[in-house]
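Asks: Below are the structure tokens for one structure; questions will follow.
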Amino acid sequence: KEIHQLHEETLSSEAKYRSYFEQGFVAILLLDKTMKIVDANTKAQHIFGFSKQALAAMGLDALLPKEADHISQAFSKEDLKGKVIELTIIGQTGHRTHALMSLSKILDEHGAFKNYAAFIQEINEQKRYQDALVALNNQLEKRVEDRTTAFEKANLELKKALVDQEQMSS
């Protein structure tokens with residue numbers, strides 16, 4: 001009976017964690033040592049536009065633009081483990097999505113490597129706001145520069161007028 005109860009508890013625990021995995025608000029990819037995708041949650045399927053089966057046939061590098069090859073290599077060497085990086089990911093239609101990604105190592109009950117978990121948060125809206133803020137800042141800097149130039153010109157004209165007036169007075 002003890003073994004049966006332990007088995008039931010294990011199944012319940014696995015179901016609970018599978019639910020967390022599937023319903024997460026961030027995309028989660030489980031990767032093997034070679035960075036091949038072995039599982040993906042529902043959010044990952046939504047962001048990338050691929051089914052779970054299609055994602056499982058890919059490596060992480062298939063979802064990154066060619067100019068980001070160094071990222072996949074750095075992940076495989078664990079240079080980026082535990083760090084959050086900003087990158088562009090490519091969906092099925094070729095649509096590029098701005099995202100934050102972090103990588104964690106998953107160990108089994110004996111402390112041996114099992115998988116990597118890549119956590120991916122889409123940040124397109126934040127990037128739009130950031131780009132708009134940069135554009136507004138650039139416009140503001142241009143306006144300040146234009147006003148400064150106008151004030152300097154007006155100041156020179158006033159100084160010239162003052163000099164002219166002093167010369168006419170003397």
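Following the order of the structure tokens, chains are lettered A, B, ..., residues in each are numbered from 1, and ligands are numbered from 1.
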Give the helix (DSSP H, G or I) residues of region 108-144 of chain A, as assigned by DSSP on the backbone, as a list of chain:residue names.

Replies: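 Going through region 108-144 of chain A, the helix (DSSP H, G or I) residues come out as A:Asn124, A:Glu125, A:Gln126, A:Lys127, A:Arg128, A:Tyr129, A:Gln130, A:Asp131, A:Ala132, A:Leu133, A:Val134, A:Ala135, A:Leu136, A:Asn137, A:Asn138, A:Gln139, A:Leu140, A:Glu141, A:Lys142, A:Arg143, A:Val144.
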
Asks: Given only C-alpha atoms as the basis, pick out the residue of A:Ser19, A:Asn124, A:Asn115, A:Asn155 nearest to Leu87 (chain A).

Replies: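 Selected residue with least distance to Leu87 (chain A): A:Asn124.
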
Asks: How many Å lie between CA of Phe21 (chain A) and CA of Gln5 (chain A), rounded to one decimal?

Replies: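 The value is 24.2 Å.
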
Asks: If you run DSSP over the backbone, which residues in region 1-158 of chain A end up strand (DSSP E)? Put them as number ranges by chain.

Replies: A: 27-31, 37-40, 84-90, 96-107, 113-122

Asks: Would you mind reading off the distance between CA of Lys66 (chain A) and CA of Gly94 (chain A), one decimal, in Å?

Replies: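 Separation of CA of Lys66 (chain A) and CA of Gly94 (chain A): 12.3 Å.
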
Asks: For Glu22 (chain A), work out the shell of residues within 10 Å, counting only C-alpha atoms and skipping chain neighbours fewer than 6 positions away, then give it as a PyMOL selection string.

Replies: chain A and resi 28+40-44

Asks: Using N, CA and C atoms, can you write the selected residues to a file as an mmCIF file, in the first residue's frame?

Replies:
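This went into again_39.cif:
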```cif
data_model
loop_
_atom_site.group_PDB
_atom_site.id
_atom_site.type_symbol
_atom_site.label_atom_id
_atom_site.label_comp_id
_atom_site.auth_asym_id
_atom_site.auth_seq_id
_atom_site.Cartn_x
_atom_site.Cartn_y
_atom_site.Cartn_z
ATOM 1 N N ILE A 28 8.174 28.555 -22.207
ATOM 2 C CA ILE A 28 9.186 27.693 -21.608
ATOM 3 C C ILE A 28 9.554 26.620 -22.625
ATOM 4 N N ALA A 40 7.893 21.978 -25.064
ATOM 5 C CA ALA A 40 7.540 23.402 -25.119
ATOM 6 C C ALA A 40 6.150 23.575 -24.534
ATOM 7 N N ASN A 41 5.960 24.654 -23.797
ATOM 8 C CA ASN A 41 4.624 24.884 -23.250
ATOM 9 C C ASN A 41 3.734 25.610 -24.255
ATOM 10 N N THR A 42 2.491 25.819 -23.868
ATOM 11 C CA THR A 42 1.498 26.435 -24.745
ATOM 12 C C THR A 42 1.902 27.846 -25.163
ATOM 13 N N LYS A 43 2.451 28.629 -24.237
ATOM 14 C CA LYS A 43 2.874 30.001 -24.553
ATOM 15 C C LYS A 43 3.981 29.986 -25.607
ATOM 16 N N ALA A 44 4.915 29.035 -25.526
ATOM 17 C CA ALA A 44 5.984 28.929 -26.527
ATOM 18 C C ALA A 44 5.388 28.617 -27.895
#
```
